[in-house]
Amino acid sequence: LARMAAVNPSAVSHKVTTLNQSARALEAVSQDDPAENMLRESLELDRDQSEVAQHLVALRQRQCKWPILEPGERFDVGVLTRGMSPLSAGAFTDDPLWQLALAAHYNQTDVGSPAATLTAWPQAVQDGDAPLRVGYLSSDLREHAVGYLMTEVPGLHDRSRVEVFNYYCGVDSPDAMHAHFQAASDHFRVINHLDDAAAARLMADDGIQILIDLNGYTRDARLKLVAMRPAPVIVNWLGYPGTMASPYH
C-alpha cells in the first residue's frame with residue numbers, strides 16, 4: 001500500500017488524459033499501432049470512455065486487424081460495440097437493423113437533445129410563389145471528395161424555381177474548389193464563427209425550406225445545430241452513406 005500511495009483518482013485521471021492525447025497525436029501521424037496500445041491501456045483504466053472505444057475500433061479497422069472487436073482485461077466486446085461510430089459500423093457489418101440501432105444509440109449519446117428546437121419558421125417558408133429555398137450544410141465544400149462530387153450540383157438547380165444557400169462549417173480553404181462554390185451559390189454563408197443556436201437562427205431567418213446535411217456522422221459535422229430543426233425538412237445525403245436514425249433527419 002505504501003508503494004502505491006501515489007496511485008489515486010487524480011493520478012489515474014491524469015494518466016488517462018495523457019494516454020488519450022498521446023494516442024491522438026500518434027494517430028494524426030499514422031502511428032496506429034502505438035496509438036492503439038495507448039487507447040487500450042486508457043480503456044483498461046476507465047472503460048466508460050465512448051470516444052476512446054470509438055477510436056480504438058477505428059484504428060483496428062484501419063490496420064485490418066481481426067477480430068476488430070478485441071476485448072481487454074477490464075472491458076468486454078460490449079464496451080467496444082456501444083462506443084463504435086456509425087461510420088465504422090458501415091465497414092463492420094451489413095446488418096441494417098444493427099446499423100439502425102447503433103446509429104440511434106450514437107445519436108442519443110453523442111448528439112443528444114437540444115434544450116430548444118425551432119418550431120416556427122419565417123413567412124418565406126409559407127410563400128408558395130417564391131422559389132424553393134434549399135440549403136446545403138457542409139464542412140467539405142472545398143478540395144475534398146464531397147466537394148468534387150458536389151461540383152455541378154448548385155448550377156444544376158433551375159434558378160427560377162430554386163434559391164441555393166450554402167452553409168460552410170469547414171476549415172479555411174482558399175482553394176479554387178471553395179471559390180467555385182462561393183460563386184455558384186445564390187448565398188454562401190460561413191458559419192464557423194457562429195454557435196449552434198445562432199447558426200440555426202440564421203438558417204431559419206433565411207427561410208430555408210429544405211436543409212441538406214452533407215456531413216451526417218463524419219468529421220466536422222454540426223449535428224447539434226441540425227438537431228435544433230432549423231428547417232421544416234432536413235435530409236441526410238452524400239457525405240455519410242448510411243442511416244442517421246435521428247428524430248430530425
# chains A, B, ... in the order shown; residues from 1 in each chain; ligands from 1
>>> residues_around(residues="Met38 in chain A", least_positions_apart="2", cutoff="6 Å", atoms="only C-alpha atoms", output="JSON, numbers by chain")
{"A": [19, 23, 35, 36, 40, 41]}
>>> residues_around(residues="Gly155 in chain A", least_positions_apart="3", cutoff="12 Å", atoms="only C-alpha atoms", output="list in words")
Met150, Thr151, Glu152, Asp158, Arg159, Val162, Glu163, Val164, Phe165, His180, Phe181, Gln182, Ala183, Ala184, Ser185 and Asp186 of chain A
>>> residues_around(residues="Ala53 in chain A", least_positions_apart="4", cutoff="12 Å", atoms="only C-alpha atoms", output="PDB file with all heavy atoms, in the first residue's frame")
ATOM      1  N   ASN A  20      -4.667   9.407 -23.768  1.00  0.00           N
ATOM      2  CA  ASN A  20      -5.592   9.777 -24.843  1.00  0.00           C
ATOM      3  C   ASN A  20      -4.997  10.839 -25.768  1.00  0.00           C
ATOM      4  O   ASN A  20      -5.114  10.756 -26.997  1.00  0.00           O
ATOM      5  CB  ASN A  20      -6.916  10.282 -24.260  1.00  0.00           C
ATOM      6  CG  ASN A  20      -7.694   9.187 -23.555  1.00  0.00           C
ATOM      7  OD1 ASN A  20      -7.407   8.007 -23.724  1.00  0.00           O
ATOM      8  ND2 ASN A  20      -8.675   9.570 -22.755  1.00  0.00           N
ATOM      9  N   GLU A  36      -2.953   2.655 -30.790  1.00  0.00           N
ATOM     10  CA  GLU A  36      -3.906   1.636 -30.349  1.00  0.00           C
ATOM     11  C   GLU A  36      -3.558   1.122 -28.959  1.00  0.00           C
ATOM     12  O   GLU A  36      -4.435   0.957 -28.100  1.00  0.00           O
ATOM     13  CB  GLU A  36      -3.924   0.471 -31.343  1.00  0.00           C
ATOM     14  CG  GLU A  36      -4.871  -0.651 -30.919  1.00  0.00           C
ATOM     15  CD  GLU A  36      -4.680  -1.917 -31.732  1.00  0.00           C
ATOM     16  OE1 GLU A  36      -4.135  -1.862 -32.838  1.00  0.00           O
ATOM     17  OE2 GLU A  36      -5.093  -2.989 -31.232  1.00  0.00           O
ATOM     18  N   MET A  38      -1.993   2.646 -26.572  1.00  0.00           N
ATOM     19  CA  MET A  38      -2.294   3.673 -25.565  1.00  0.00           C
ATOM     20  C   MET A  38      -3.795   3.756 -25.302  1.00  0.00           C
ATOM     21  O   MET A  38      -4.230   3.881 -24.152  1.00  0.00           O
ATOM     22  CB  MET A  38      -1.754   5.022 -26.014  1.00  0.00           C
ATOM     23  CG  MET A  38      -0.242   5.125 -25.930  1.00  0.00           C
ATOM     24  SD  MET A  38       0.359   6.771 -26.323  1.00  0.00           S
ATOM     25  CE  MET A  38       2.088   6.573 -25.888  1.00  0.00           C
ATOM     26  N   LEU A  39      -4.591   3.683 -26.352  1.00  0.00           N
ATOM     27  CA  LEU A  39      -6.044   3.716 -26.174  1.00  0.00           C
ATOM     28  C   LEU A  39      -6.527   2.496 -25.407  1.00  0.00           C
ATOM     29  O   LEU A  39      -7.431   2.582 -24.567  1.00  0.00           O
ATOM     30  CB  LEU A  39      -6.738   3.784 -27.533  1.00  0.00           C
ATOM     31  CG  LEU A  39      -6.564   5.088 -28.318  1.00  0.00           C
ATOM     32  CD1 LEU A  39      -7.221   4.977 -29.688  1.00  0.00           C
ATOM     33  CD2 LEU A  39      -7.123   6.272 -27.554  1.00  0.00           C
ATOM     34  N   ARG A  40      -5.919   1.359 -25.674  1.00  0.00           N
ATOM     35  CA  ARG A  40      -6.298   0.128 -24.965  1.00  0.00           C
ATOM     36  C   ARG A  40      -5.982   0.260 -23.474  1.00  0.00           C
ATOM     37  O   ARG A  40      -6.796  -0.104 -22.618  1.00  0.00           O
ATOM     38  CB  ARG A  40      -5.558  -1.068 -25.573  1.00  0.00           C
ATOM     39  CG  ARG A  40      -5.949  -2.416 -24.983  1.00  0.00           C
ATOM     40  CD  ARG A  40      -5.369  -3.554 -25.797  1.00  0.00           C
ATOM     41  NE  ARG A  40      -6.014  -3.631 -27.115  1.00  0.00           N
ATOM     42  CZ  ARG A  40      -7.180  -4.222 -27.325  1.00  0.00           C
ATOM     43  NH1 ARG A  40      -7.846  -4.794 -26.321  1.00  0.00           N
ATOM     44  NH2 ARG A  40      -7.702  -4.256 -28.524  1.00  0.00           N
ATOM     45  N   GLU A  41      -4.815   0.804 -23.152  1.00  0.00           N
ATOM     46  CA  GLU A  41      -4.452   0.990 -21.742  1.00  0.00           C
ATOM     47  C   GLU A  41      -5.384   1.987 -21.068  1.00  0.00           C
ATOM     48  O   GLU A  41      -5.800   1.804 -19.918  1.00  0.00           O
ATOM     49  CB  GLU A  41      -3.002   1.472 -21.631  1.00  0.00           C
ATOM     50  CG  GLU A  41      -2.528   1.595 -20.190  1.00  0.00           C
ATOM     51  CD  GLU A  41      -1.068   2.011 -20.065  1.00  0.00           C
ATOM     52  OE1 GLU A  41      -0.379   2.109 -21.107  1.00  0.00           O
ATOM     53  OE2 GLU A  41      -0.624   2.235 -18.920  1.00  0.00           O
ATOM     54  N   SER A  42      -5.739   3.052 -21.799  1.00  0.00           N
ATOM     55  CA  SER A  42      -6.668   4.051 -21.267  1.00  0.00           C
ATOM     56  C   SER A  42      -8.018   3.429 -20.951  1.00  0.00           C
ATOM     57  O   SER A  42      -8.619   3.702 -19.907  1.00  0.00           O
ATOM     58  CB  SER A  42      -6.826   5.192 -22.274  1.00  0.00           C
ATOM     59  OG  SER A  42      -7.824   6.099 -21.858  1.00  0.00           O
ATOM     60  N   LEU A  43      -8.501   2.567 -21.863  1.00  0.00           N
ATOM     61  CA  LEU A  43      -9.798   1.929 -21.668  1.00  0.00           C
ATOM     62  C   LEU A  43      -9.751   0.921 -20.521  1.00  0.00           C
ATOM     63  O   LEU A  43     -10.757   0.697 -19.836  1.00  0.00           O
ATOM     64  CB  LEU A  43     -10.235   1.249 -22.972  1.00  0.00           C
ATOM     65  CG  LEU A  43     -11.743   1.177 -23.266  1.00  0.00           C
ATOM     66  CD1 LEU A  43     -12.372   2.557 -23.215  1.00  0.00           C
ATOM     67  CD2 LEU A  43     -11.983   0.532 -24.626  1.00  0.00           C
ATOM     68  N   GLU A  44      -8.588   0.307 -20.303  1.00  0.00           N
ATOM     69  CA  GLU A  44      -8.433  -0.595 -19.149  1.00  0.00           C
ATOM     70  C   GLU A  44      -8.578   0.180 -17.846  1.00  0.00           C
ATOM     71  O   GLU A  44      -9.146  -0.315 -16.861  1.00  0.00           O
ATOM     72  CB  GLU A  44      -7.061  -1.288 -19.194  1.00  0.00           C
ATOM     73  CG  GLU A  44      -6.840  -2.231 -20.363  1.00  0.00           C
ATOM     74  CD  GLU A  44      -7.501  -3.590 -20.184  1.00  0.00           C
ATOM     75  OE1 GLU A  44      -8.319  -3.742 -19.261  1.00  0.00           O
ATOM     76  OE2 GLU A  44      -7.204  -4.494 -20.988  1.00  0.00           O
ATOM     77  N   ASP A  46     -10.231   3.145 -17.518  1.00  0.00           N
ATOM     78  CA  ASP A  46     -11.573   3.725 -17.429  1.00  0.00           C
ATOM     79  C   ASP A  46     -12.349   3.288 -18.658  1.00  0.00           C
ATOM     80  O   ASP A  46     -12.200   3.854 -19.742  1.00  0.00           O
ATOM     81  CB  ASP A  46     -11.491   5.250 -17.356  1.00  0.00           C
ATOM     82  CG  ASP A  46     -12.864   5.917 -17.293  1.00  0.00           C
ATOM     83  OD1 ASP A  46     -13.872   5.186 -17.206  1.00  0.00           O
ATOM     84  OD2 ASP A  46     -12.925   7.162 -17.343  1.00  0.00           O
ATOM     85  N   ARG A  47     -13.202   2.293 -18.512  1.00  0.00           N
ATOM     86  CA  ARG A  47     -13.917   1.752 -19.664  1.00  0.00           C
ATOM     87  C   ARG A  47     -15.131   2.572 -20.064  1.00  0.00           C
ATOM     88  O   ARG A  47     -15.749   2.305 -21.090  1.00  0.00           O
ATOM     89  CB  ARG A  47     -14.341   0.308 -19.397  1.00  0.00           C
ATOM     90  CG  ARG A  47     -15.327   0.127 -18.266  1.00  0.00           C
ATOM     91  CD  ARG A  47     -15.600  -1.343 -18.046  1.00  0.00           C
ATOM     92  NE  ARG A  47     -16.577  -1.560 -16.976  1.00  0.00           N
ATOM     93  CZ  ARG A  47     -16.956  -2.759 -16.564  1.00  0.00           C
ATOM     94  NH1 ARG A  47     -16.449  -3.838 -17.132  1.00  0.00           N
ATOM     95  NH2 ARG A  47     -17.835  -2.880 -15.589  1.00  0.00           N
ATOM     96  N   ASP A  48     -15.485   3.590 -19.273  1.00  0.00           N
ATOM     97  CA  ASP A  48     -16.632   4.445 -19.609  1.00  0.00           C
ATOM     98  C   ASP A  48     -16.193   5.631 -20.458  1.00  0.00           C
ATOM     99  O   ASP A  48     -16.529   6.788 -20.172  1.00  0.00           O
ATOM    100  CB  ASP A  48     -17.324   4.932 -18.328  1.00  0.00           C
ATOM    101  CG  ASP A  48     -17.960   3.797 -17.552  1.00  0.00           C
ATOM    102  OD1 ASP A  48     -18.468   2.858 -18.194  1.00  0.00           O
ATOM    103  OD2 ASP A  48     -17.945   3.852 -16.312  1.00  0.00           O
ATOM    104  N   GLN A  49     -15.423   5.357 -21.491  1.00  0.00           N
ATOM    105  CA  GLN A  49     -14.960   6.394 -22.411  1.00  0.00           C
ATOM    106  C   GLN A  49     -15.366   5.996 -23.830  1.00  0.00           C
ATOM    107  O   GLN A  49     -14.639   5.310 -24.531  1.00  0.00           O
ATOM    108  CB  GLN A  49     -13.442   6.545 -22.353  1.00  0.00           C
ATOM    109  CG  GLN A  49     -12.864   6.921 -21.005  1.00  0.00           C
ATOM    110  CD  GLN A  49     -11.357   7.103 -21.089  1.00  0.00           C
ATOM    111  OE1 GLN A  49     -10.862   8.192 -21.369  1.00  0.00           O
ATOM    112  NE2 GLN A  49     -10.613   6.031 -20.861  1.00  0.00           N
ATOM    113  N   VAL A  57     -11.641   1.110 -32.053  1.00  0.00           N
ATOM    114  CA  VAL A  57     -12.250   0.296 -33.111  1.00  0.00           C
ATOM    115  C   VAL A  57     -11.792   0.789 -34.482  1.00  0.00           C
ATOM    116  O   VAL A  57     -11.399  -0.008 -35.350  1.00  0.00           O
ATOM    117  CB  VAL A  57     -13.788   0.332 -33.013  1.00  0.00           C
ATOM    118  CG1 VAL A  57     -14.425  -0.325 -34.242  1.00  0.00           C
ATOM    119  CG2 VAL A  57     -14.257  -0.368 -31.744  1.00  0.00           C
ATOM    120  N   ALA A  58     -11.820   2.104 -34.691  1.00  0.00           N
ATOM    121  CA  ALA A  58     -11.450   2.669 -35.988  1.00  0.00           C
ATOM    122  C   ALA A  58      -9.988   2.376 -36.324  1.00  0.00           C
ATOM    123  O   ALA A  58      -9.656   2.095 -37.484  1.00  0.00           O
ATOM    124  CB  ALA A  58     -11.709   4.172 -35.999  1.00  0.00           C
ATOM    125  N   LEU A  59      -9.118   2.424 -35.315  1.00  0.00           N
ATOM    126  CA  LEU A  59      -7.703   2.141 -35.556  1.00  0.00           C
ATOM    127  C   LEU A  59      -7.475   0.687 -35.943  1.00  0.00           C
ATOM    128  O   LEU A  59      -6.661   0.390 -36.825  1.00  0.00           O
ATOM    129  CB  LEU A  59      -6.878   2.490 -34.309  1.00  0.00           C
ATOM    130  CG  LEU A  59      -6.495   3.956 -34.145  1.00  0.00           C
ATOM    131  CD1 LEU A  59      -5.770   4.168 -32.818  1.00  0.00           C
ATOM    132  CD2 LEU A  59      -5.599   4.411 -35.291  1.00  0.00           C
ATOM    133  N   ARG A  60      -8.200  -0.217 -35.309  1.00  0.00           N
ATOM    134  CA  ARG A  60      -8.058  -1.630 -35.670  1.00  0.00           C
ATOM    135  C   ARG A  60      -8.588  -1.880 -37.083  1.00  0.00           C
ATOM    136  O   ARG A  60      -8.011  -2.679 -37.827  1.00  0.00           O
ATOM    137  CB  ARG A  60      -8.759  -2.522 -34.643  1.00  0.00           C
ATOM    138  CG  ARG A  60      -8.035  -2.581 -33.306  1.00  0.00           C
ATOM    139  CD  ARG A  60      -8.645  -3.600 -32.361  1.00  0.00           C
ATOM    140  NE  ARG A  60      -8.485  -4.962 -32.844  1.00  0.00           N
ATOM    141  CZ  ARG A  60      -7.377  -5.693 -32.701  1.00  0.00           C
ATOM    142  NH1 ARG A  60      -6.296  -5.172 -32.132  1.00  0.00           N
ATOM    143  NH2 ARG A  60      -7.335  -6.941 -33.139  1.00  0.00           N
ATOM    144  N   ILE A  68     -11.878  -7.359 -35.130  1.00  0.00           N
ATOM    145  CA  ILE A  68     -11.942  -5.904 -34.947  1.00  0.00           C
ATOM    146  C   ILE A  68     -12.250  -5.567 -33.495  1.00  0.00           C
ATOM    147  O   ILE A  68     -11.632  -4.689 -32.900  1.00  0.00           O
ATOM    148  CB  ILE A  68     -13.018  -5.285 -35.867  1.00  0.00           C
ATOM    149  CG1 ILE A  68     -12.633  -5.476 -37.339  1.00  0.00           C
ATOM    150  CG2 ILE A  68     -13.217  -3.802 -35.558  1.00  0.00           C
ATOM    151  CD1 ILE A  68     -11.341  -4.798 -37.755  1.00  0.00           C
ATOM    152  N   LEU A  69     -13.213  -6.290 -32.911  1.00  0.00           N
ATOM    153  CA  LEU A  69     -13.595  -6.049 -31.517  1.00  0.00           C
ATOM    154  C   LEU A  69     -12.855  -7.039 -30.629  1.00  0.00           C
ATOM    155  O   LEU A  69     -13.305  -8.160 -30.410  1.00  0.00           O
ATOM    156  CB  LEU A  69     -15.114  -6.188 -31.352  1.00  0.00           C
ATOM    157  CG  LEU A  69     -15.975  -5.303 -32.258  1.00  0.00           C
ATOM    158  CD1 LEU A  69     -17.452  -5.492 -31.952  1.00  0.00           C
ATOM    159  CD2 LEU A  69     -15.577  -3.835 -32.135  1.00  0.00           C
ATOM    160  N   GLU A  70     -11.732  -6.613 -30.125  1.00  0.00           N
ATOM    161  CA  GLU A  70     -10.913  -7.479 -29.270  1.00  0.00           C
ATOM    162  C   GLU A  70     -11.032  -6.993 -27.824  1.00  0.00           C
ATOM    163  O   GLU A  70     -10.594  -5.884 -27.504  1.00  0.00           O
ATOM    164  CB  GLU A  70      -9.449  -7.439 -29.716  1.00  0.00           C
ATOM    165  CG  GLU A  70      -8.566  -8.384 -28.926  1.00  0.00           C
ATOM    166  CD  GLU A  70      -7.141  -8.364 -29.426  1.00  0.00           C
ATOM    167  OE1 GLU A  70      -6.527  -7.275 -29.415  1.00  0.00           O
ATOM    168  OE2 GLU A  70      -6.640  -9.428 -29.827  1.00  0.00           O
ATOM    169  N   PRO A  71     -11.624  -7.786 -26.939  1.00  0.00           N
ATOM    170  CA  PRO A  71     -11.818  -7.339 -25.554  1.00  0.00           C
ATOM    171  C   PRO A  71     -10.491  -7.202 -24.818  1.00  0.00           C
ATOM    172  O   PRO A  71      -9.468  -7.766 -25.231  1.00  0.00           O
ATOM    173  CB  PRO A  71     -12.678  -8.452 -24.952  1.00  0.00           C
ATOM    174  CG  PRO A  71     -12.360  -9.652 -25.773  1.00  0.00           C
ATOM    175  CD  PRO A  71     -12.115  -9.159 -27.161  1.00  0.00           C
ATOM    176  N   GLY A  72     -10.528  -6.456 -23.737  1.00  0.00           N
ATOM    177  CA  GLY A  72      -9.344  -6.311 -22.889  1.00  0.00           C
ATOM    178  C   GLY A  72      -9.546  -7.035 -21.579  1.00  0.00           C
ATOM    179  O   GLY A  72     -10.525  -7.771 -21.394  1.00  0.00           O
ATOM    180  N   PHE A  75     -12.385  -4.656 -20.007  1.00  0.00           N
ATOM    181  CA  PHE A  75     -13.532  -4.223 -20.813  1.00  0.00           C
ATOM    182  C   PHE A  75     -13.858  -5.316 -21.816  1.00  0.00           C
ATOM    183  O   PHE A  75     -12.981  -6.036 -22.290  1.00  0.00           O
ATOM    184  CB  PHE A  75     -13.258  -2.887 -21.533  1.00  0.00           C
ATOM    185  CG  PHE A  75     -12.126  -2.920 -22.521  1.00  0.00           C
ATOM    186  CD1 PHE A  75     -12.330  -3.301 -23.840  1.00  0.00           C
ATOM    187  CD2 PHE A  75     -10.836  -2.559 -22.133  1.00  0.00           C
ATOM    188  CE1 PHE A  75     -11.294  -3.322 -24.764  1.00  0.00           C
ATOM    189  CE2 PHE A  75      -9.789  -2.582 -23.043  1.00  0.00           C
ATOM    190  CZ  PHE A  75     -10.017  -2.965 -24.357  1.00  0.00           C
ATOM    191  N   ASP A  76     -15.146  -5.460 -22.096  1.00  0.00           N
ATOM    192  CA  ASP A  76     -15.582  -6.541 -22.977  1.00  0.00           C
ATOM    193  C   ASP A  76     -15.984  -6.010 -24.351  1.00  0.00           C
ATOM    194  O   ASP A  76     -15.888  -4.809 -24.632  1.00  0.00           O
ATOM    195  CB  ASP A  76     -16.727  -7.327 -22.330  1.00  0.00           C
ATOM    196  CG  ASP A  76     -17.934  -6.444 -22.008  1.00  0.00           C
ATOM    197  OD1 ASP A  76     -18.028  -5.322 -22.564  1.00  0.00           O
ATOM    198  OD2 ASP A  76     -18.785  -6.868 -21.200  1.00  0.00           O
ATOM    199  N   VAL A  77     -16.450  -6.908 -25.204  1.00  0.00           N
ATOM    200  CA  VAL A  77     -16.845  -6.543 -26.562  1.00  0.00           C
ATOM    201  C   VAL A  77     -17.998  -5.545 -26.543  1.00  0.00           C
ATOM    202  O   VAL A  77     -18.102  -4.670 -27.409  1.00  0.00           O
ATOM    203  CB  VAL A  77     -17.221  -7.809 -27.369  1.00  0.00           C
ATOM    204  CG1 VAL A  77     -17.884  -7.432 -28.686  1.00  0.00           C
ATOM    205  CG2 VAL A  77     -15.989  -8.660 -27.620  1.00  0.00           C
ATOM    206  N   GLY A  78     -18.864  -5.647 -25.535  1.00  0.00           N
ATOM    207  CA  GLY A  78     -19.995  -4.724 -25.443  1.00  0.00           C
ATOM    208  C   GLY A  78     -19.568  -3.278 -25.319  1.00  0.00           C
ATOM    209  O   GLY A  78     -20.202  -2.385 -25.876  1.00  0.00           O
ATOM    210  N   VAL A  79     -18.485  -3.025 -24.581  1.00  0.00           N
ATOM    211  CA  VAL A  79     -17.964  -1.666 -24.436  1.00  0.00           C
ATOM    212  C   VAL A  79     -17.538  -1.119 -25.796  1.00  0.00           C
ATOM    213  O   VAL A  79     -17.819   0.039 -26.141  1.00  0.00           O
ATOM    214  CB  VAL A  79     -16.782  -1.643 -23.444  1.00  0.00           C
ATOM    215  CG1 VAL A  79     -16.062  -0.293 -23.474  1.00  0.00           C
ATOM    216  CG2 VAL A  79     -17.275  -1.955 -22.034  1.00  0.00           C
ATOM    217  N   LEU A  80     -16.874  -1.963 -26.577  1.00  0.00           N
ATOM    218  CA  LEU A  80     -16.412  -1.544 -27.905  1.00  0.00           C
ATOM    219  C   LEU A  80     -17.585  -1.359 -28.867  1.00  0.00           C
ATOM    220  O   LEU A  80     -17.604  -0.418 -29.662  1.00  0.00           O
ATOM    221  CB  LEU A  80     -15.430  -2.577 -28.462  1.00  0.00           C
ATOM    222  CG  LEU A  80     -14.150  -2.776 -27.652  1.00  0.00           C
ATOM    223  CD1 LEU A  80     -13.344  -3.931 -28.214  1.00  0.00           C
ATOM    224  CD2 LEU A  80     -13.313  -1.497 -27.643  1.00  0.00           C
ATOM    225  N   THR A  81     -18.567  -2.236 -28.776  1.00  0.00           N
ATOM    226  CA  THR A  81     -19.732  -2.141 -29.657  1.00  0.00           C
ATOM    227  C   THR A  81     -20.510  -0.857 -29.390  1.00  0.00           C
ATOM    228  O   THR A  81     -20.876  -0.133 -30.315  1.00  0.00           O
ATOM    229  CB  THR A  81     -20.662  -3.349 -29.459  1.00  0.00           C
ATOM    230  OG1 THR A  81     -19.934  -4.545 -29.727  1.00  0.00           O
ATOM    231  CG2 THR A  81     -21.854  -3.272 -30.391  1.00  0.00           C
ATOM    232  N   ARG A  82     -20.757  -0.571 -28.114  1.00  0.00           N
ATOM    233  CA  ARG A  82     -21.530   0.632 -27.762  1.00  0.00           C
ATOM    234  C   ARG A  82     -20.779   1.910 -28.117  1.00  0.00           C
ATOM    235  O   ARG A  82     -21.388   2.951 -28.352  1.00  0.00           O
ATOM    236  CB  ARG A  82     -21.890   0.606 -26.281  1.00  0.00           C
ATOM    237  CG  ARG A  82     -22.930  -0.441 -25.915  1.00  0.00           C
ATOM    238  CD  ARG A  82     -23.388  -0.286 -24.476  1.00  0.00           C
ATOM    239  NE  ARG A  82     -22.327  -0.584 -23.523  1.00  0.00           N
ATOM    240  CZ  ARG A  82     -22.044  -1.798 -23.079  1.00  0.00           C
ATOM    241  NH1 ARG A  82     -22.736  -2.843 -23.505  1.00  0.00           N
ATOM    242  NH2 ARG A  82     -21.072  -1.983 -22.209  1.00  0.00           N
ATOM    243  N   GLY A  83     -19.441   1.845 -28.147  1.00  0.00           N
ATOM    244  CA  GLY A  83     -18.659   3.033 -28.457  1.00  0.00           C
ATOM    245  C   GLY A  83     -18.376   3.210 -29.931  1.00  0.00           C
ATOM    246  O   GLY A  83     -17.873   4.252 -30.347  1.00  0.00           O
ATOM    247  N   MET A  84     -18.675   2.207 -30.743  1.00  0.00           N
ATOM    248  CA  MET A  84     -18.365   2.268 -32.172  1.00  0.00           C
ATOM    249  C   MET A  84     -19.126   3.407 -32.854  1.00  0.00           C
ATOM    250  O   MET A  84     -20.285   3.667 -32.550  1.00  0.00           O
ATOM    251  CB  MET A  84     -18.737   0.938 -32.836  1.00  0.00           C
ATOM    252  CG  MET A  84     -18.306   0.831 -34.287  1.00  0.00           C
ATOM    253  SD  MET A  84     -18.901  -0.685 -35.108  1.00  0.00           S
ATOM    254  CE  MET A  84     -18.146  -1.957 -34.104  1.00  0.00           C
ATOM    255  N   SER A  85     -18.449   4.075 -33.778  1.00  0.00           N
ATOM    256  CA  SER A  85     -19.125   5.131 -34.533  1.00  0.00           C
ATOM    257  C   SER A  85     -19.933   4.520 -35.664  1.00  0.00           C
ATOM    258  O   SER A  85     -19.596   3.447 -36.174  1.00  0.00           O
ATOM    259  CB  SER A  85     -18.094   6.105 -35.122  1.00  0.00           C
ATOM    260  OG  SER A  85     -17.438   5.523 -36.231  1.00  0.00           O
ATOM    261  N   SER A  88     -17.782   3.604 -38.649  1.00  0.00           N
ATOM    262  CA  SER A  88     -17.086   2.328 -38.506  1.00  0.00           C
ATOM    263  C   SER A  88     -18.049   1.163 -38.671  1.00  0.00           C
ATOM    264  O   SER A  88     -17.683   0.118 -39.222  1.00  0.00           O
ATOM    265  CB  SER A  88     -16.418   2.237 -37.124  1.00  0.00           C
ATOM    266  OG  SER A  88     -15.325   3.123 -37.030  1.00  0.00           O
TER     267      SER A  88
END
>>> select_by_dssp(residues="range 84-137 of chain A", states="helix (DSSP H, G or I)", output="list in words")
Pro86, Leu87, Ser88, Ala89, Gly90, Ala91, Phe92, Pro96, Leu97, Trp98, Gln99, Leu100, Ala101, Leu102, Ala103, Ala104, His105, Tyr106, Asn107, Gln108, Thr109, Asp110, Val111, Gln123, Ala124 and Val125 of chain A
>>> residues_around(residues="Asp195 in chain A", least_positions_apart="2", cutoff="12 Å", atoms="only C-alpha atoms", output="ChimeraX atom specification")
/A:169,190-193,197-202,222-226,228
>>> residues_around(residues="Gly242 in chain A", least_positions_apart="2", cutoff="9 Å", atoms="only C-alpha atoms", output="PyMOL selection string")
chain A and resi 86-87+90+99-100+103+216-217+236-237+240+244
>>> residues_around(residues="range 4-10 of chain A", least_positions_apart="5", cutoff="12 Å", atoms="only C-alpha atoms", output="PDB file with C-alpha atoms, in the first residue's frame")
ATOM      1  CA  LYS A  15      -2.664   9.242 -16.828  1.00  0.00           C
ATOM      2  CA  VAL A  16      -5.854   8.564 -18.816  1.00  0.00           C
ATOM      3  CA  THR A  17      -5.748  12.092 -20.247  1.00  0.00           C
ATOM      4  CA  LEU A  45      -8.158   2.236 -16.620  1.00  0.00           C
ATOM      5  CA  ASP A  46     -11.573   3.725 -17.429  1.00  0.00           C
TER       6      ASP A  46
END
>>> closest_residue(among="A:Leu132, A:Arg189, A:His14, A:Val146", to="Tyr167 in chain A", atoms="only C-alpha atoms")
A:Arg189
>>> select_by_dssp(residues="range 3-246 of chain A", states="strand (DSSP E)", output="MDAnalysis selection string")
chainID A and resid 132:138 162:168 187:190 210:213 233:236
>>> write_last_selection(atoms="C-alpha atoms", output="CSV table (one decimal), in the first residue's frame")
chain,number,residue,atom,x,y,z
A,132,LEU,CA,-37.9,27.0,-53.1
A,133,ARG,CA,-35.1,27.8,-50.6
A,134,VAL,CA,-32.7,24.9,-50.4
A,135,GLY,CA,-29.7,25.0,-48.0
A,136,TYR,CA,-26.6,22.7,-48.1
A,137,LEU,CA,-24.7,22.4,-44.9
A,138,SER,CA,-21.2,21.0,-45.2
A,162,VAL,CA,-34.8,27.1,-56.5
A,163,GLU,CA,-32.7,29.6,-54.5
A,164,VAL,CA,-29.5,27.9,-53.3
A,165,PHE,CA,-27.9,28.6,-49.9
A,166,ASN,CA,-24.6,27.0,-48.9
A,167,TYR,CA,-23.6,27.0,-45.2
A,168,TYR,CA,-19.9,26.2,-44.8
A,187,HIS,CA,-25.9,32.8,-50.9
A,188,PHE,CA,-22.8,31.5,-49.3
A,189,ARG,CA,-22.7,31.6,-45.5
A,190,VAL,CA,-19.6,30.8,-43.5
A,210,ILE,CA,-35.2,22.0,-47.2
A,211,LEU,CA,-31.9,21.7,-45.4
A,212,ILE,CA,-29.5,19.0,-46.9
A,213,ASP,CA,-26.9,17.8,-44.3
A,233,VAL,CA,-37.5,19.4,-43.8
A,234,ILE,CA,-34.0,18.1,-43.2
A,235,VAL,CA,-32.3,15.4,-45.3
A,236,ASN,CA,-29.1,13.4,-44.9
>>> atom_distance(atom1="CA of Leu56 in chain A", atom2="CA of Ala91 in chain A")
14.4 Å
>>> closest_residue(among="A:Gln63, A:Ala221, A:Asp140, A:Gln209", to="Glu27 in chain A", atoms="only C-alpha atoms")
A:Gln63
>>> atom_distance(atom1="CA of Ala115 in chain A", atom2="CA of Arg229 in chain A")
11.8 Å
